[in-house]
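Participant: Structure file entry36.cif (mmCIF, C-alpha atoms) is given on the next line.
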data_structure
#
loop_
_atom_site.label_atom_id
_atom_site.label_comp_id
_atom_site.auth_asym_id
_atom_site.auth_seq_id
_atom_site.Cartn_x
_atom_site.Cartn_y
_atom_site.Cartn_z
CA MET A 1 59.48 122.74 73.42
CA ASN A 2 62.31 123.59 71.06
CA GLN A 3 64.73 123.67 73.94
CA LYS A 4 63.65 120.23 75.11
CA LEU A 5 64.13 118.82 71.65
CA ALA A 6 67.55 120.40 71.38
CA LYS A 7 68.52 118.81 74.67
CA LYS A 8 67.31 115.43 73.48
CA ASN A 9 69.18 115.61 70.20
CA ARG A 10 72.41 116.75 71.72
CA PRO A 11 75.15 114.37 70.57
CA LYS A 12 76.63 112.13 73.22
CA ASN A 13 80.00 110.54 72.99
CA LEU A 14 80.87 108.29 75.87
CA ASN A 15 83.31 106.09 74.00
CA LEU A 16 86.60 107.05 75.62
CA PHE A 17 88.61 105.42 72.82
CA THR A 18 87.33 107.94 70.28
CA ILE A 19 88.37 110.92 72.40
CA ARG A 20 91.87 112.17 71.71
CA LEU A 21 93.21 113.94 74.77
CA PRO A 22 95.24 117.10 74.13
CA ILE A 23 98.73 116.77 75.60
CA ASN A 24 97.87 119.14 78.49
CA ALA A 25 94.93 116.95 79.46
CA LEU A 26 97.05 113.83 79.16
CA VAL A 27 99.72 115.22 81.52
CA SER A 28 96.97 116.32 83.90
CA ILE A 29 95.12 112.99 84.10
CA LEU A 30 98.42 111.12 84.37
CA HIS A 31 99.38 113.41 87.25
CA ARG A 32 96.24 112.26 89.03
CA ALA A 33 96.64 108.60 88.10
CA THR A 34 100.29 108.47 89.16
CA GLY A 35 99.36 110.20 92.41
CA CYS A 36 96.83 107.43 93.13
CA ALA A 37 99.39 104.75 92.26
CA LEU A 38 101.97 106.31 94.57
CA PHE A 39 99.39 106.50 97.35
CA MET A 40 98.61 102.80 96.96
CA ILE A 41 102.22 101.67 97.37
CA LEU A 42 102.74 103.60 100.63
CA PRO A 43 102.23 100.52 102.85
CA VAL A 44 104.64 98.51 100.69
CA ILE A 45 107.30 101.22 101.06
CA LEU A 46 106.88 101.24 104.84
CA LEU A 47 106.96 97.44 104.99
CA LEU A 48 110.12 97.17 102.87
CA LEU A 49 111.77 99.91 104.93
CA GLN A 50 110.92 98.11 108.16
CA TRP A 51 112.28 94.76 106.92
CA SER A 52 115.39 96.27 105.37
CA LEU A 53 116.31 98.01 108.62
CA HIS A 54 115.43 95.03 110.83
CA SER A 55 118.43 92.76 110.20
CA ALA A 56 121.12 91.92 107.64
CA GLU A 57 119.27 88.73 106.63
CA ASP A 58 116.00 90.60 106.12
CA LEU A 59 117.81 93.23 104.07
CA GLN A 60 119.13 90.45 101.81
CA LEU A 61 115.58 89.10 101.44
CA VAL A 62 114.26 92.55 100.53
CA LEU A 63 117.06 93.06 97.98
CA ALA A 64 116.51 89.59 96.49
CA PHE A 65 112.80 90.38 96.19
CA LEU A 66 113.50 93.74 94.52
CA HIS A 67 115.84 92.02 92.04
CA THR A 68 113.33 89.53 90.64
CA PRO A 69 112.56 90.38 86.99
CA PHE A 70 108.84 90.92 87.54
CA ILE A 71 109.40 93.28 90.46
CA LYS A 72 111.98 95.14 88.37
CA LEU A 73 109.24 95.80 85.82
CA VAL A 74 106.96 97.02 88.61
CA LEU A 75 109.76 99.26 89.89
CA MET A 76 110.15 100.74 86.39
CA GLY A 77 106.45 101.56 86.37
CA LEU A 78 106.63 103.09 89.84
CA ALA A 79 109.75 105.06 88.94
CA TRP A 80 107.86 106.50 85.99
CA ALA A 81 104.87 107.27 88.24
CA PHE A 82 107.14 109.11 90.67
CA PHE A 83 108.99 111.10 87.99
CA HIS A 84 105.86 112.03 86.10
CA HIS A 85 104.15 113.18 89.29
CA PHE A 86 107.32 115.07 90.27
CA PHE A 87 107.77 116.94 86.98
CA ALA A 88 104.06 117.56 86.41
CA GLY A 89 103.89 118.92 89.96
CA ILE A 90 106.74 121.35 89.28
CA ARG A 91 104.89 122.42 86.13
CA HIS A 92 101.82 123.15 88.28
CA LEU A 93 103.93 125.24 90.66
CA ALA A 94 105.35 127.19 87.71
CA MET A 95 101.85 127.88 86.42
CA ASP A 96 100.74 128.96 89.91
CA VAL A 97 103.27 131.79 89.72
CA HIS A 98 101.98 132.61 86.22
CA TRP A 99 104.90 131.15 84.37
CA MET A 100 104.32 129.35 81.04
CA THR A 101 100.56 129.84 81.11
CA THR A 102 99.67 130.60 77.49
CA LEU A 103 98.31 127.66 75.48
CA MET A 104 101.38 127.28 73.29
CA LYS A 105 103.77 127.44 76.25
CA ALA A 106 101.59 125.07 78.28
CA ARG A 107 101.67 122.56 75.41
CA TYR A 108 105.41 122.90 75.23
CA THR A 109 105.93 122.36 78.99
CA SER A 110 103.56 119.36 78.84
CA LYS A 111 105.85 117.77 76.27
CA VAL A 112 108.87 118.63 78.42
CA VAL A 113 107.20 116.94 81.42
CA MET A 114 106.46 113.78 79.40
CA VAL A 115 109.99 113.60 78.00
CA LEU A 116 111.70 114.28 81.35
CA GLY A 117 109.56 111.63 83.07
CA LEU A 118 110.41 109.03 80.44
CA LEU A 119 114.11 109.98 80.34
CA ALA A 120 114.47 109.71 84.13
CA THR A 121 112.68 106.34 84.00
CA LEU A 122 115.09 105.23 81.29
CA VAL A 123 118.08 106.12 83.50
CA VAL A 124 116.60 104.19 86.44
CA SER A 125 115.76 101.23 84.18
CA ILE A 126 119.32 101.04 82.85
CA THR A 127 120.76 100.95 86.38
CA LEU A 128 118.10 98.40 87.36
CA TRP A 129 118.86 95.91 84.59
CA LEU A 130 122.64 96.37 84.24
CA MET B 1 95.37 141.56 103.18
CA TRP B 2 95.95 138.34 101.25
CA ILE B 3 96.98 136.68 104.51
CA GLU B 4 93.27 136.71 105.34
CA LEU B 5 92.70 134.31 102.47
CA LEU B 6 94.63 131.65 104.36
CA THR B 7 92.49 131.72 107.50
CA LYS B 8 89.74 129.26 108.39
CA ARG B 9 87.21 131.37 106.52
CA TYR B 10 88.68 130.28 103.20
CA PRO B 11 89.26 126.52 103.47
CA GLY B 12 89.67 126.08 99.71
CA MET B 13 92.48 128.60 99.61
CA ARG B 14 94.18 126.86 102.52
CA ALA B 15 93.87 123.46 100.87
CA TRP B 16 95.28 124.86 97.66
CA LEU B 17 98.29 126.40 99.38
CA SER B 18 98.89 123.34 101.61
CA GLN B 19 98.90 121.08 98.58
CA ARG B 20 101.53 123.27 96.88
CA LEU B 21 103.75 123.75 99.93
CA THR B 22 103.72 120.06 100.89
CA GLY B 23 104.46 119.15 97.27
CA LEU B 24 107.38 121.54 97.19
CA ALA B 25 108.70 120.23 100.52
CA MET B 26 108.51 116.61 99.29
CA ALA B 27 110.23 117.51 96.01
CA LEU B 28 113.12 119.13 97.91
CA TYR B 29 113.39 116.16 100.28
CA SER B 30 113.37 113.71 97.37
CA VAL B 31 116.26 115.46 95.66
CA LEU B 32 118.14 115.60 98.96
CA ALA B 33 117.43 111.93 99.71
CA VAL B 34 118.64 110.74 96.31
CA GLY B 35 121.75 112.93 96.61
CA ARG B 36 122.48 111.65 100.10
CA PHE B 37 121.95 108.06 99.01
CA PHE B 38 124.47 108.35 96.17
CA TYR B 39 126.91 110.33 98.34
CA LEU B 40 126.94 107.81 101.19
CA ALA B 41 126.30 104.78 98.90
CA PRO B 42 125.36 102.37 101.71
CA SER B 43 126.62 98.92 100.72
CA ASP B 44 125.58 96.71 103.66
CA HIS B 45 123.05 96.52 106.47
CA ALA B 46 125.17 98.51 108.95
CA ALA B 47 125.62 101.33 106.45
CA TRP B 48 121.88 101.27 105.67
CA VAL B 49 121.05 101.60 109.37
CA ASP B 50 123.64 104.40 109.62
CA PHE B 51 121.87 106.14 106.77
CA PHE B 52 118.86 106.62 109.07
CA GLN B 53 120.92 107.18 112.22
CA PRO B 54 121.44 111.00 112.33
CA LEU B 55 118.67 112.71 114.24
CA TRP B 56 118.44 115.59 111.74
CA TRP B 57 117.81 113.09 108.93
CA ARG B 58 115.14 111.25 110.90
CA VAL B 59 113.43 114.55 111.75
CA LEU B 60 113.60 115.62 108.11
CA THR B 61 112.20 112.26 107.00
CA MET B 62 109.39 112.56 109.53
CA LEU B 63 108.57 116.05 108.22
CA PHE B 64 108.56 114.55 104.72
CA TRP B 65 106.07 111.92 105.81
CA LEU B 66 103.93 114.59 107.48
CA ALA B 67 103.87 116.56 104.22
CA LEU B 68 103.08 113.35 102.35
CA THR B 69 100.16 112.64 104.70
CA LEU B 70 98.63 116.05 104.09
CA HIS B 71 99.33 115.93 100.35
CA ALA B 72 97.84 112.45 99.98
CA TRP B 73 94.77 113.45 101.98
CA LEU B 74 94.10 116.52 99.80
CA GLY B 75 94.77 114.61 96.57
CA ILE B 76 92.79 111.44 97.26
CA ARG B 77 89.98 113.54 98.78
CA ASP B 78 89.71 115.39 95.46
CA VAL B 79 89.66 112.09 93.58
CA PHE B 80 86.80 110.83 95.79
CA LYS B 81 84.94 114.13 95.37
CA ASP B 82 85.19 113.83 91.59
CA TYR B 83 84.44 110.15 91.06
CA VAL B 84 82.22 109.03 93.98
CA PRO B 85 78.85 110.78 93.60
CA ASN B 86 77.17 108.74 96.36
CA ALA B 87 77.51 110.85 99.52
CA THR B 88 77.32 107.95 101.97
CA LEU B 89 79.93 105.89 100.18
CA ARG B 90 82.14 108.94 99.78
CA SER B 91 82.03 109.75 103.47
CA VAL B 92 82.91 106.13 104.33
CA LEU B 93 85.84 106.22 101.89
CA LEU B 94 87.06 109.55 103.29
CA GLN B 95 86.95 108.21 106.84
CA GLY B 96 88.84 105.11 105.72
CA LEU B 97 91.41 107.35 104.05
CA VAL B 98 91.92 109.37 107.23
CA ILE B 99 92.33 106.22 109.35
CA LEU B 100 94.80 104.75 106.84
CA LEU B 101 96.89 107.93 106.72
CA TRP B 102 97.00 108.12 110.54
CA LEU B 103 98.15 104.50 110.66
CA TYR B 104 100.90 105.16 108.10
CA LEU B 105 101.98 108.26 110.03
CA ALA B 106 102.22 106.28 113.29
CA TRP B 107 104.05 103.51 111.46
CA ALA B 108 106.58 105.95 109.99
CA ALA B 109 107.11 107.55 113.42
CA TYR B 110 107.66 104.08 114.93
CA LEU B 111 110.21 103.16 112.24
CA LEU B 112 112.12 106.40 112.63
CA PHE B 113 112.08 106.95 116.38
CA ALA B 114 111.40 103.66 118.16
#
What would you get if you wrote out this structure as structure tokens?
Facilitator:
Amino acid sequence: MNQKLAKKNRPKNLNLFTIRLPINALVSILHRATGCALFMILPVILLLLQWSLHSAEDLQLVLAFLHTPFIKLVLMGLAWAFFHHFFAGIRHLAMDVHWMTTLMKARYTSKVVMVLGLLATLVVSITLWL
Amino acid sequence: MWIELLTKRYPGMRAWLSQRLTGLAMALYSVLAVGRFFYLAPSDHAAWVDFFQPLWWRVLTMLFWLALTLHAWLGIRDVFKDYVPNATLRSVLLQGLVILLWLYLAWAAYLLFA
């Protein structure tokens, strides 16, 4: 009886906006989210590759498409998705060989992953818009 | 002894290792591809076609896509396992995923070798 009551009165918090993710969790869920995003653009990559290789005119069309401002913004997002997935993946590999596995070190490498992903995106963005 | 962990009897261990190895392979290819792109700096259509002309590069790119196929299957499969509790729907989604990845693989092979 007591156990049942305890189960009933257990606090529930399903409001995601009140949950603050620790940086490790943030890097982890973003690794998954960026992986999904990269998976979803696979057909677009293949399509653009096919057109760009097809003929000089088609290559010009592809380049013109990639240079429209809106698509440049999309490319910035995708660049970030790639870099975050890349660096977070390397972090996973490091942890698999038992490197940087204590909580403090893991927090530190999480920050490094976030910063490297954003820095690399910044470099790509500068070359995109200049 | 630990080699035994990678046999069919331990599918989870295999999936785990495959995910890591394919990830590592794709990371190495990505660095190489970016380096090669900046080194050759193709400026027109002919140069872009030349970029994909060497057989070794096309083979390497195909291996990259093979790794990507396996990596995407393992990753998206995990996502479905975590977020789609309905078994029927999940099995439909997984079958769709497999078909899609086979199509992409055939498409990539066609682009590179046809």
Participant: Can you translate the PyMOL selection byres ((chain A and resi 118) around 12) into the concrete residues it hits in this file, as a VMD selection string?
Facilitator: chain A and resid 76 to 87 111 to 117 119 to 125
Participant: Provide as a ChimeraX atom specification the residues of chain A at most 10 Å from chain B, counting only C-alpha atoms.
Facilitator: /A:32-33,35-36,38-39,42-43,46-47,49-50,52-60,85-87,89-90,92-93,96
Participant: Taking the file as shown, what set of residues would the PyMOL selection byres ((chain A and resi 129) around 12) give back, as a compact mmCIF listing (two decimals) with C-alpha atoms, keeping the file's coordinate frame?
Facilitator:
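Result file is selection-v1.txt:
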# COMPACT_ATOMS: atom_id res chain seq x y z
CA LEU A 66 113.50 93.74 94.52
CA HIS A 67 115.84 92.02 92.04
CA THR A 68 113.33 89.53 90.64
CA PRO A 69 112.56 90.38 86.99
CA PHE A 70 108.84 90.92 87.54
CA ILE A 71 109.40 93.28 90.46
CA LYS A 72 111.98 95.14 88.37
CA LEU A 73 109.24 95.80 85.82
CA LEU A 75 109.76 99.26 89.89
CA MET A 76 110.15 100.74 86.39
CA LEU A 122 115.09 105.23 81.29
CA VAL A 123 118.08 106.12 83.50
CA VAL A 124 116.60 104.19 86.44
CA SER A 125 115.76 101.23 84.18
CA ILE A 126 119.32 101.04 82.85
CA THR A 127 120.76 100.95 86.38
CA LEU A 128 118.10 98.40 87.36
CA LEU A 130 122.64 96.37 84.24
Participant: I'd like the interatomic distance between CA of Phe37 (chain B) and CA of Ser110 (chain A), to a tenth of an Å.
Facilitator: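 Calculated distance between CA of Phe37 (chain B) and CA of Ser110 (chain A) is 29.5 Å.
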Participant: Measure the distance from CA of Asn9 (chain A) to CA of Val84 (chain B) in Å and round it to one decimal.
Facilitator: 27.9 Å
Participant: Quick one: distance from CA of Leu17 (chain B) to CA of Leu63 (chain B) in Å, one decimal?
Facilitator: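 Computing the Euclidean distance for CA of Leu17 (chain B) and CA of Leu63 (chain B) yields 17.1 Å.
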